[in-house]
Structures are given as C-alpha cells and as structure tokens.
>>> print(open('start.cif').read())   # mmCIF, C-alpha atoms
data_protein
loop_
_atom_site.label_atom_id
_atom_site.label_comp_id
_atom_site.auth_asym_id
_atom_site.auth_seq_id
_atom_site.Cartn_x
_atom_site.Cartn_y
_atom_site.Cartn_z
CA MET G 623 98.19 87.67 15.77
CA THR G 624 100.90 89.54 17.65
CA VAL G 625 101.14 90.64 21.25
CA VAL G 626 100.38 94.35 21.75
CA THR G 627 103.60 95.21 23.60
CA THR G 628 106.33 93.56 25.63
CA GLU G 629 104.66 94.62 28.90
CA THR G 630 104.06 92.18 31.73
CA PRO G 631 100.64 90.52 32.05
CA GLN G 632 100.15 92.20 35.45
CA ILE G 633 98.84 95.73 35.90
CA GLN G 634 99.02 98.09 38.86
CA ILE G 635 95.89 100.01 39.90
CA GLY G 636 96.66 102.12 42.92
CA THR G 637 98.02 99.78 45.58
CA ARG G 638 96.66 96.68 43.84
CA THR G 639 98.67 94.42 41.55
CA LEU G 640 96.27 92.55 39.28
CA PRO G 641 97.29 89.32 37.53
CA SER G 642 95.84 90.14 34.09
CA ARG G 643 94.85 93.15 32.01
CA TYR G 644 91.49 91.66 31.07
CA PHE G 645 88.65 92.44 33.47
CA LEU G 646 85.03 91.38 33.89
CA ALA G 647 82.95 94.55 33.52
CA PRO G 648 79.90 95.12 35.74
CA LEU G 649 76.56 94.32 34.09
CA ALA G 650 73.37 95.10 35.96
CA GLY G 651 71.50 91.89 36.69
CA TYR G 652 74.26 89.57 35.53
CA THR G 653 77.67 89.93 37.19
CA HIS G 654 76.64 88.49 40.53
CA LEU G 655 78.67 86.08 42.60
CA SER G 656 77.74 82.82 40.88
CA PHE G 657 78.53 84.19 37.42
CA ARG G 658 81.85 85.59 38.60
CA ARG G 659 82.85 82.33 40.29
CA ALA G 660 81.91 80.21 37.28
CA LEU G 661 83.95 82.42 34.96
CA ARG G 662 86.93 82.61 37.30
CA GLU G 663 87.13 78.81 37.34
CA LEU G 664 87.79 78.93 33.57
CA GLY G 665 90.77 81.25 34.16
CA GLY G 666 92.15 84.52 32.86
CA ILE G 667 90.21 87.19 34.78
CA GLY G 668 92.41 89.94 36.19
CA LEU G 669 89.64 91.75 38.08
CA ALA G 670 85.88 91.43 38.44
CA THR G 671 83.50 94.20 39.43
CA THR G 672 80.12 93.64 41.04
CA ASP G 673 76.76 94.64 39.68
CA LEU G 674 76.16 98.29 40.57
CA VAL G 675 74.98 98.86 44.15
CA HIS G 676 72.90 101.82 45.32
CA ALA G 677 74.85 103.60 48.06
CA ARG G 678 71.81 104.58 50.10
CA LEU G 679 70.24 101.11 49.99
CA LEU G 680 73.54 99.55 51.01
CA LEU G 681 73.75 101.84 54.04
CA GLU G 682 70.15 101.01 54.91
CA GLY G 683 71.10 97.33 55.00
CA LYS G 684 68.74 96.20 52.27
CA ARG G 685 68.96 92.48 51.57
CA GLU G 686 69.19 92.99 47.80
CA SER G 687 72.22 95.25 48.20
CA PHE G 688 74.05 92.72 50.35
CA GLU G 689 73.27 89.99 47.82
CA LEU G 690 74.94 92.15 45.17
CA ILE G 691 78.15 92.51 47.19
CA ALA G 692 78.20 88.88 48.34
CA THR G 693 81.59 87.32 47.70
CA HIS G 694 83.72 84.23 48.35
CA PRO G 695 87.43 83.54 48.97
CA ALA G 696 87.68 82.37 45.33
CA ASP G 697 86.14 85.64 44.13
CA ARG G 698 89.32 87.72 44.05
CA PRO G 699 90.44 90.27 42.98
CA LEU G 700 87.12 92.10 43.34
CA THR G 701 85.90 95.69 43.15
CA VAL G 702 82.45 96.89 44.23
CA GLN G 703 80.71 99.40 42.00
CA ILE G 704 78.52 101.94 43.78
CA PHE G 705 76.14 104.54 42.43
CA GLY G 706 74.12 107.48 43.66
CA SER G 707 74.02 111.26 43.42
CA ASP G 708 74.78 112.27 47.02
CA PRO G 709 78.55 112.62 47.61
CA GLY G 710 78.16 112.07 51.35
CA LEU G 711 76.25 108.83 50.93
CA LEU G 712 78.70 107.54 48.34
CA ALA G 713 81.62 108.32 50.63
CA GLU G 714 79.91 106.63 53.55
CA ALA G 715 79.09 103.57 51.42
CA ALA G 716 82.73 103.38 50.34
CA GLN G 717 83.82 103.47 53.98
CA CYS G 718 81.31 100.74 54.81
CA LEU G 719 82.72 98.53 52.06
CA GLU G 720 86.31 99.20 53.09
CA SER G 721 85.48 98.28 56.69
CA ARG G 722 84.10 94.97 55.42
CA GLY G 723 87.36 94.11 53.69
CA TYR G 724 86.61 95.04 50.08
CA GLU G 725 89.75 96.14 48.28
CA GLY G 726 88.47 98.50 45.59
CA ILE G 727 85.60 100.94 44.96
CA ASP G 728 84.30 101.90 41.52
CA ILE G 729 81.98 104.88 40.99
CA ASN G 730 79.37 104.44 38.27
CA MET G 731 79.15 107.49 36.00
CA GLY G 732 78.19 105.56 32.89
CA CYS G 733 74.84 103.80 33.30
CA PRO G 734 72.50 105.12 30.55
CA MET G 735 69.22 103.95 32.09
CA GLY G 736 66.59 106.70 32.13
CA LYS G 737 65.42 106.02 35.69
CA MET G 738 68.94 106.38 37.05
CA ASN G 739 69.75 109.44 34.99
CA ALA G 740 66.53 111.16 36.03
CA ALA G 741 67.65 110.73 39.65
CA GLY G 742 70.99 112.37 38.86
CA CYS G 743 72.92 109.09 38.86
CA GLY G 744 74.94 107.16 36.31
CA ALA G 745 75.80 108.99 33.10
CA ARG G 746 74.03 112.15 34.30
CA LEU G 747 76.80 112.70 36.86
CA ALA G 748 79.34 113.24 34.09
CA CYS G 749 77.44 116.16 32.59
CA GLU G 750 78.70 118.79 35.06
CA THR G 751 82.39 118.94 35.85
CA GLY G 752 82.17 120.73 39.21
CA PRO G 753 79.67 118.41 40.94
CA ALA G 754 81.30 115.32 39.39
CA CYS G 755 84.72 116.31 40.71
CA ALA G 756 83.31 117.17 44.14
CA LEU G 757 81.69 113.74 44.38
CA VAL G 758 84.81 111.89 43.28
CA GLU G 759 87.04 113.86 45.64
CA ARG G 760 84.74 113.10 48.56
CA VAL G 761 84.89 109.35 47.91
CA VAL G 762 88.65 109.27 47.25
CA ASN G 763 89.34 111.10 50.49
CA ALA G 764 87.01 108.86 52.49
CA VAL G 765 88.91 105.59 51.99
CA ARG G 766 92.40 104.16 51.68
CA VAL G 767 91.55 101.56 49.03
CA PRO G 768 91.86 102.49 45.34
CA VAL G 769 88.88 104.35 43.89
CA THR G 770 88.16 104.08 40.16
CA VAL G 771 85.49 105.61 37.92
CA LYS G 772 83.55 104.10 35.03
CA MET G 773 81.99 106.50 32.54
CA ARG G 774 80.95 106.99 28.92
CA LEU G 775 82.39 109.37 26.37
CA GLY G 776 79.72 111.94 27.14
CA TRP G 777 76.00 112.63 27.04
CA THR G 778 75.80 113.10 23.24
CA ARG G 779 78.26 113.32 20.37
CA ASP G 780 78.23 117.08 20.84
CA GLU G 781 78.90 116.82 24.59
CA ILE G 782 82.06 114.72 24.95
CA THR G 783 83.22 115.21 28.54
CA ALA G 784 85.25 112.08 29.29
CA PRO G 785 88.76 113.34 28.41
CA MET G 786 88.41 116.48 30.54
CA LEU G 787 86.86 114.58 33.44
CA ALA G 788 89.51 111.85 33.31
CA ALA G 789 92.25 114.47 33.60
CA GLU G 790 90.48 116.12 36.55
CA PHE G 791 89.80 112.83 38.30
CA GLU G 792 93.45 111.82 38.03
CA GLN G 793 94.46 114.97 39.89
CA LEU G 794 91.93 114.13 42.60
CA GLY G 795 93.52 110.74 43.23
CA VAL G 796 91.43 108.33 41.15
CA ALA G 797 93.47 105.16 40.51
CA ALA G 798 92.06 104.27 37.07
CA ILE G 799 89.34 105.17 34.58
CA THR G 800 87.16 102.69 32.71
CA ILE G 801 85.71 104.25 29.57
CA HIS G 802 82.84 102.75 27.59
CA GLY G 803 83.31 104.02 24.05
CA ARG G 804 79.75 105.20 23.50
CA THR G 805 77.73 108.23 24.54
CA ARG G 806 74.71 108.06 26.78
CA GLN G 807 72.60 108.94 23.73
CA GLN G 808 73.78 105.81 21.95
CA GLY G 809 72.83 103.46 24.76
CA PHE G 810 74.11 100.11 23.48
CA CYS G 811 73.66 100.86 19.76
CA GLY G 812 76.19 101.83 17.15
CA ARG G 813 79.85 100.91 17.22
CA VAL G 814 82.23 101.65 20.03
CA ASP G 815 84.33 104.75 19.28
CA LEU G 816 87.95 103.67 19.64
CA ALA G 817 89.18 107.16 18.80
CA GLY G 818 87.08 108.47 21.68
CA ILE G 819 88.75 106.03 24.07
CA ARG G 820 92.12 107.09 22.68
CA ALA G 821 91.30 110.71 23.55
CA VAL G 822 90.78 109.69 27.18
CA VAL G 823 94.08 107.78 27.20
CA ASP G 824 95.83 110.88 25.85
CA ALA G 825 94.18 113.12 28.46
CA VAL G 826 95.67 111.44 31.53
CA GLU G 827 99.28 111.52 32.69
CA SER G 828 99.92 108.11 34.21
CA ILE G 829 96.86 106.32 35.58
CA PRO G 830 95.58 103.30 33.62
CA VAL G 831 92.66 103.76 31.25
CA ILE G 832 90.57 100.61 30.77
CA GLY G 833 88.73 100.31 27.47
CA ASN G 834 85.22 98.87 27.33
CA GLY G 835 82.65 98.08 24.66
CA ASP G 836 82.12 95.62 21.77
CA VAL G 837 84.83 93.17 22.84
CA ARG G 838 83.58 89.72 21.89
CA SER G 839 86.77 88.02 20.77
CA VAL G 840 90.51 87.99 21.34
CA GLN G 841 90.88 89.99 18.12
CA ASP G 842 88.48 92.66 19.43
CA ALA G 843 90.45 93.00 22.66
CA ILE G 844 93.79 93.26 20.90
CA ARG G 845 92.41 95.79 18.43
CA MET G 846 91.04 97.93 21.26
CA ARG G 847 94.39 97.95 23.01
CA SER G 848 96.34 98.59 19.79
CA GLU G 849 94.16 101.45 18.53
CA THR G 850 93.44 103.19 21.82
CA GLY G 851 96.57 102.61 23.89
CA CYS G 852 94.42 101.57 26.84
CA ARG G 853 96.32 99.57 29.45
CA ALA G 854 93.54 97.05 30.13
CA VAL G 855 90.18 95.93 28.72
CA ALA G 856 86.89 95.37 30.56
CA ILE G 857 84.54 92.83 28.98
CA GLY G 858 80.85 92.49 29.79
CA ARG G 859 78.43 91.05 27.24
CA GLY G 860 81.28 89.32 25.41
CA ALA G 861 81.87 87.15 28.47
CA MET G 862 78.31 85.87 28.33
CA LEU G 863 78.56 85.20 24.61
CA ASP G 864 81.78 83.23 25.18
CA PRO G 865 82.54 82.27 28.79
CA TRP G 866 85.99 81.06 27.64
CA LEU G 867 87.00 84.50 26.32
CA PHE G 868 89.18 85.30 29.33
CA ALA G 869 90.87 81.90 29.06
CA ARG G 870 91.55 82.62 25.39
CA LEU G 871 93.06 86.00 26.24
CA ASP G 872 95.23 84.38 28.89
CA ARG G 873 96.48 81.90 26.30
CA HIS G 874 97.16 84.75 23.87
CA THR G 875 99.20 86.54 26.53
CA ARG G 876 101.28 83.38 26.96
CA GLY G 877 101.73 82.93 23.21
CA LEU G 878 99.45 79.88 22.98
CA ASP G 879 96.72 78.95 20.51
CA VAL G 880 93.43 80.74 21.26
CA ASN G 881 91.30 78.88 18.75
CA PHE G 882 90.45 75.94 20.98
CA GLU G 883 86.88 74.74 21.42
CA PRO G 884 85.68 73.40 24.78
CA SER G 885 84.20 69.94 24.54
CA THR G 886 80.48 69.29 24.74
CA SER G 887 80.85 68.05 28.32
CA GLU G 888 82.83 71.18 29.25
CA GLN G 889 80.19 73.47 27.75
CA VAL G 890 77.29 71.71 29.45
CA GLY G 891 79.40 71.47 32.60
CA PHE G 892 79.70 75.24 32.64
CA LEU G 893 75.90 75.57 32.47
CA ARG G 894 75.49 73.17 35.38
CA ARG G 895 78.22 74.83 37.45
CA HIS G 896 76.81 78.33 36.98
CA PHE G 897 73.32 77.24 38.00
CA ARG G 898 74.50 75.19 40.98
CA LEU G 899 76.54 78.13 42.30
CA MET G 900 73.47 80.32 41.92
CA ALA G 901 71.31 77.79 43.76
CA GLU G 902 73.94 77.59 46.50
CA GLN G 903 73.45 81.29 47.15
CA HIS G 904 69.79 81.87 46.31
CA GLY G 905 68.03 78.54 46.75
CA HIS G 906 64.87 78.04 44.67
CA ARG G 907 65.00 81.63 43.38
CA ALA G 908 67.93 80.54 41.23
CA CYS G 909 65.46 78.87 38.85
CA PHE G 910 63.99 82.24 37.97
CA MET G 911 67.24 84.19 38.15
CA PHE G 912 69.06 81.88 35.74
CA ARG G 913 66.46 82.03 32.97
CA LYS G 914 67.78 85.27 31.44
CA PHE G 915 71.19 83.70 30.82
CA ALA G 916 69.66 81.21 28.38
CA ALA G 917 69.35 83.88 25.70
CA TRP G 918 73.08 84.66 25.97
CA TYR G 919 74.34 81.10 26.32
CA GLY G 920 72.12 79.36 23.75
CA ALA G 921 74.10 79.72 20.52
CA ARG G 922 77.60 79.62 22.02
CA LEU G 923 76.96 76.57 24.19
CA GLY G 924 75.11 74.68 21.49
CA ILE G 925 71.68 74.66 23.13
CA PRO G 926 69.01 73.74 20.55
CA GLU G 927 66.34 76.43 20.21
CA ASP G 928 63.55 74.38 21.78
CA LEU G 929 65.73 73.57 24.79
CA GLU G 930 66.74 77.21 25.12
CA ALA G 931 63.04 78.04 25.29
CA ARG G 932 62.59 75.46 28.06
CA MET G 933 65.59 76.91 29.88
CA ARG G 934 63.79 80.25 29.97
CA GLN G 935 60.85 78.64 31.77
CA PHE G 936 62.17 75.89 34.06
CA GLU G 937 60.94 75.86 37.67
CA SER G 938 63.08 73.32 39.52
CA SER G 939 66.63 72.06 39.81
CA ASP G 940 65.57 68.63 38.57
CA GLU G 941 64.01 70.20 35.47
CA PHE G 942 67.18 72.18 34.82
CA GLU G 943 69.35 69.06 35.10
CA ALA G 944 67.03 67.24 32.70
CA ILE G 945 67.37 70.08 30.19
CA CYS G 946 71.15 69.92 30.51
CA ASP G 947 71.07 66.17 29.91
CA ALA G 948 69.08 66.81 26.72
CA VAL G 949 71.49 69.56 25.65
CA GLU G 950 74.39 67.14 26.04
CA ARG G 951 72.63 64.51 23.89
CA ARG G 952 71.55 66.99 21.21
CA HIS G 953 74.52 69.35 21.22
CA GLY G 954 75.29 70.71 17.76
CA GLU G 955 71.74 70.62 16.39
CA ARG G 956 71.31 74.38 16.64
CA LYS G 957 71.17 76.13 13.26
CA SER G 958 71.48 79.76 14.37
CA ALA G 959 74.87 81.06 15.48
CA ILE G 960 73.39 84.36 16.71
CA ALA G 961 72.60 84.60 20.41
CA THR G 962 68.93 85.27 21.09
CA ALA G 963 69.97 88.13 23.39
CA LEU G 964 71.44 90.00 20.41
CA VAL G 965 68.16 90.05 18.51
CA LYS G 966 67.07 92.87 20.82
CA VAL G 967 69.26 95.64 22.16
CA PRO G 968 69.31 95.87 25.99
CA ASN G 969 66.89 98.42 27.43
CA GLY G 970 68.19 101.97 27.43
CA PRO G 971 68.46 105.15 25.41
CA ASN G 972 69.11 104.88 21.70
CA GLU G 973 69.75 107.78 19.41
CA HIS G 974 67.68 106.13 16.66
CA TRP G 975 64.50 105.67 18.73
#
>>> encode(input="start.cif", output="structure tokens")
Amino acid sequence: MTVVTTETPQIQIGTRTLPSRYFLAPLAGYTHLSFRRALRELGGIGLATTDLVHARLLLEGKRESFELIATHPADRPLTVQIFGSDPGLLAEAAQCLESRGYEGIDINMGCPMGKMNAAGCGARLACETGPACALVERVVNAVRVPVTVKMRLGWTRDEITAPMLAAEFEQLGVAAITIHGRTRQQGFCGRVDLAGIRAVVDAVESIPVIGNGDVRSVQDAIRMRSETGCRAVAIGRGAMLDPWLFARLDRHTRGLDVNFEPSTSEQVGFLRRHFRLMAEQHGHRACFMFRKFAAWYGARLGIPEDLEARMRQFESSDEFEAICDAVERRHGERKSAIATALVKVPNGPNEHW
C-alpha cells in the first residue's frame, strides 16, 4: 500500500491546524463524550464532531443538549454539529457555542431521517439553493470560529445539488465541506458514490472537502482519497466496527505496519474503558446507554454471541464487569465475523423500500 501524496499529515481548516486528516464523523446516538474519549486514547483522530444538537433546544438550555456538547480537556480538537431550519436560531446557537469556548461549528445538511426532513432540517435544507445559502451565510457571519457544512450528494440521483452548493458555500466563507457519498433517497443503503464526491472536490476552489461513507478499513480510506481527491476522510460506523481504525491510519501515515491485532486484554480493556467513561458522565443510565454498542463491538472485539446478548440487557456496573471477565476468558469463541449491527440497516429512507 502506498501513501496517497507527499503532503503533511496535518490539515488546515480555517484558522485551525488539525494533526491528522482522519476525522471521527458525527453519528446520532453514538459519538458522545465517552466514545470520543475512548477512541482518542487509542490515537490517530485529527478531529471529532459531536452528535448533532438541535439549535433551539440548546438555546433553551435543555439538559439533553448540554449532555451532547459535554467535553473534556482530552477531547480536542472538537467541532459541535448543530441542526435546525431557522437561520437566526442557528446563528444564535453558534454564538452561544463560541462564547463557551468551542472552536468549530458544523451545520448538518445531511441527516436523512424523515422526522428531521419533514421539519425542514437535515438533508431537506440542501434542496433549495437560496434558503440554504442564506442560512449558511447567517451562521458564518455570526461567529469568528470556522464554520463547516456536512451534506449528502442530493435528495435523489436526479437531484444532485452538492457540487453547486459547495461552490456557493465556499464563496460565503465556509471553511470546509464534508460530503457523504449517498443521496437522501439512499439512506444508508447502496455503495458510496466516489465519483459524486469527486464532483464536489472539483467544484470548489481551495477549501478542503472531507469524504465520508463506507470507510471501514485503511484500504477504504486510501481508496476514497485516491479516487476522489478529498483532502481528509470522516469515519463513523467504521470506527465502531474497528475502534483501532484511526490508530491504523496513523501508522499508515508514518509508513508503519497497519495489520496489527490488539491483544485480548486490550480489546476487553477498550470495552471497560468506554463503559467506565460513560458511567463517569451519566451514572446508572450508562447501563442502558451502552447496550446499543454491543451490536457493533461484538464481532470485532471477540464477544461470543451469548455474551453479546447479555451485554444488550445488563443493568448494573457489576454485571457489566462480570460480562467483560467472561469475554476475556472466552475470547475467540465467536463464529460470526459479521457485526450484529450490520444485519439491519440503520433507520432511515431507503430507495428500495
């Protein structure tokens, strides 16, 4: 495997210099503080972005919104992703975040969820150029920190808007564009369209375009960069399937072997660390919040199927630790190499439904 170019590992986004070109993408319900911290401790993350935060609820001071933007000195560099349909509220939310010391704002124009789209948020925002540009301009002009936008290729295959919008957003002062290489119609099905991402790269003059979608290995990340020309890659689900993916990419950047396997104790240690960080923030609620990660972690971390099932039902820290002890003793028994989470596609629109 060869390095894509002779460029430096660092990347500039607006006024920010980021240490790596491989970013943790925002995933609703997953990329909260404990997950980010656990991954960062393994190394290689250039930037992490929070779970998407509703601008209005943030301004209203809702507890859930402040949990989503919770951070830690070790949780850097960090960007907060906001969503909504009202330009004024988004601008005000961006100002609120800037006043609290956050160093980057990302506008969500890519979420395909029907409830969000029906409210004029997420991917729906990218359907009309005028209103989308007015919203972006309002947020960019409201703050001094870099503002970025995440979007999809378009609403359907016949309505590809991302290249045109990316060019417009660059002129309005957006510092970078993250493009998920699917349409809203696709949801999370079908393959990512690398040619579609390339069209966005070709549409802008100088700002970085960050590719996103279907990156589950070092080879996937290098292929995306090689075929699209994107300057960085954002990884979401792939990071849950292999928490060491960023560390592998860091090793690749430094010309080292990426085919290492963490030991059994390291794999089980990651499970324990993630849960303990979650319990540190959320107390007993962590038992319920952690359950959904079992379906992603099971195959990669060698959790036997019966123990994965228990991990989706545990009710106390002691029970979780006992499950981890059993995983450590029985590591390697699992027959399936396919993560349970991949048996079903995440909720959302799908052109084949």
>>> closest_atom_pairs(input="start.cif", of="range 766-786 of chain G", to="range 790-805 of chain G", cutoff="6 Å", atoms="only C-alpha atoms", output="tab-separated table")
residue	atom	partner	partner_atom	distance
G:Pro768	CA	G:Ala797	CA	5.7
G:Val769	CA	G:Val796	CA	5.5
G:Thr770	CA	G:Ala798	CA	5.0
G:Val771	CA	G:Ile799	CA	5.1
G:Lys772	CA	G:Thr800	CA	4.5
G:Met773	CA	G:Ile801	CA	5.3
G:Arg774	CA	G:His802	CA	4.8
G:Leu775	CA	G:Thr805	CA	5.1
G:Gly776	CA	G:Thr805	CA	4.9
G:Trp777	CA	G:Thr805	CA	5.3
G:Thr778	CA	G:Thr805	CA	5.4
>>> write_last_selection(input="start.cif", atoms="C-alpha atoms", output="PDB file, in the frame of the given file")
ATOM      1  CA  PRO G 768      91.860 102.490  45.340  1.00  0.00           C
ATOM      2  CA  VAL G 769      88.880 104.350  43.890  1.00  0.00           C
ATOM      3  CA  THR G 770      88.160 104.080  40.160  1.00  0.00           C
ATOM      4  CA  VAL G 771      85.490 105.610  37.920  1.00  0.00           C
ATOM      5  CA  LYS G 772      83.550 104.100  35.030  1.00  0.00           C
ATOM      6  CA  MET G 773      81.990 106.500  32.540  1.00  0.00           C
ATOM      7  CA  ARG G 774      80.950 106.990  28.920  1.00  0.00           C
ATOM      8  CA  LEU G 775      82.390 109.370  26.370  1.00  0.00           C
ATOM      9  CA  GLY G 776      79.720 111.940  27.140  1.00  0.00           C
ATOM     10  CA  TRP G 777      76.000 112.630  27.040  1.00  0.00           C
ATOM     11  CA  THR G 778      75.800 113.100  23.240  1.00  0.00           C
TER      12      THR G 778
END
>>> residues_around(input="start.cif", residues="Arg870 in chain G", least_positions_apart="3", cutoff="6 Å", atoms="all atoms listed in the file", output="JSON, numbers by chain")
{"G": [867, 873, 880]}
>>> residues_around(input="start.cif", residues="range 839-852 of chain G", least_positions_apart="4", cutoff="10 Å", atoms="only C-alpha atoms", output="VMD selection string")
chain G and resid 623 to 627 643 to 644 799 to 801 814 to 824 830 to 835 856 to 857 860 to 861 863 to 864 866 to 874 880 to 881
>>> atom_distance(input="start.cif", atom1="CA of Ala741 in chain G", atom2="CA of Gly706 in chain G")
8.3 Å
>>> residues_around(input="start.cif", residues="Ala696 in chain G", least_positions_apart="4", cutoff="10 Å", atoms="all atoms listed in the file", output="PyMOL selection string")
chain G and resi 658-659+662-663+700
>>> closest_residue(input="start.cif", among="G:Lys737, G:Arg913, G:His694, G:Arg956", to="Glu937 in chain G", atoms="only C-alpha atoms")
G:Arg913
>>> closest_residue(input="start.cif", among="G:Ala789, G:Ile635, G:Ala901, G:Ala650", to="Val767 in chain G", atoms="all atoms listed in the file")
G:Ile635
>>> closest_residue(input="start.cif", among="G:Ala788, G:Met738, G:Leu711, G:Ile829", to="Arg853 in chain G", atoms="all atoms listed in the file")
G:Ile829
>>> atom_distance(input="start.cif", atom1="CA of Arg746 in chain G", atom2="CA of Gly732 in chain G")
7.9 Å
>>> resolve_selection(input="start.cif", expression="the PyMOL selection byres ((chain G and resi 639-642) around 10)", output="ChimeraX atom specification")
/G:630-638,643-645,666-669,698-699,854-855,868,871-872,875
>>> closest_residue(input="start.cif", among="G:Asp728, G:Asp673, G:Asp928, G:Glu955", to="Phe688 in chain G", atoms="all atoms listed in the file")
G:Asp673
>>> closest_residue(input="start.cif", among="G:Ile704, G:Ile691, G:Leu747, G:Leu679", to="Ile729 in chain G", atoms="only C-alpha atoms")
G:Ile704
>>> atom_distance(input="start.cif", atom1="CA of Ser656 in chain G", atom2="CA of Ser687 in chain G")
15.4 Å
>>> resolve_selection(input="start.cif", expression="the PyMOL selection byres ((chain G and resi 749) around 10)", output="tab-separated table (two decimals) with C-alpha atoms, in the coordinates of the input")
chain	number	residue	atom	x	y	z
G	731	MET	CA	79.15	107.49	36.00
G	742	GLY	CA	70.99	112.37	38.86
G	745	ALA	CA	75.80	108.99	33.10
G	746	ARG	CA	74.03	112.15	34.30
G	747	LEU	CA	76.80	112.70	36.86
G	748	ALA	CA	79.34	113.24	34.09
G	750	GLU	CA	78.70	118.79	35.06
G	751	THR	CA	82.39	118.94	35.85
G	752	GLY	CA	82.17	120.73	39.21
G	753	PRO	CA	79.67	118.41	40.94
G	754	ALA	CA	81.30	115.32	39.39
G	776	GLY	CA	79.72	111.94	27.14
G	777	TRP	CA	76.00	112.63	27.04
G	778	THR	CA	75.80	113.10	23.24
G	781	GLU	CA	78.90	116.82	24.59
G	782	ILE	CA	82.06	114.72	24.95
G	783	THR	CA	83.22	115.21	28.54
G	784	ALA	CA	85.25	112.08	29.29
G	787	LEU	CA	86.86	114.58	33.44
>>> residues_around(input="start.cif", residues="range 680-686 of chain G", least_positions_apart="3", cutoff="8 Å", atoms="all atoms listed in the file", output="PyMOL selection string")
chain G and resi 675-677+689-690+714-715+718
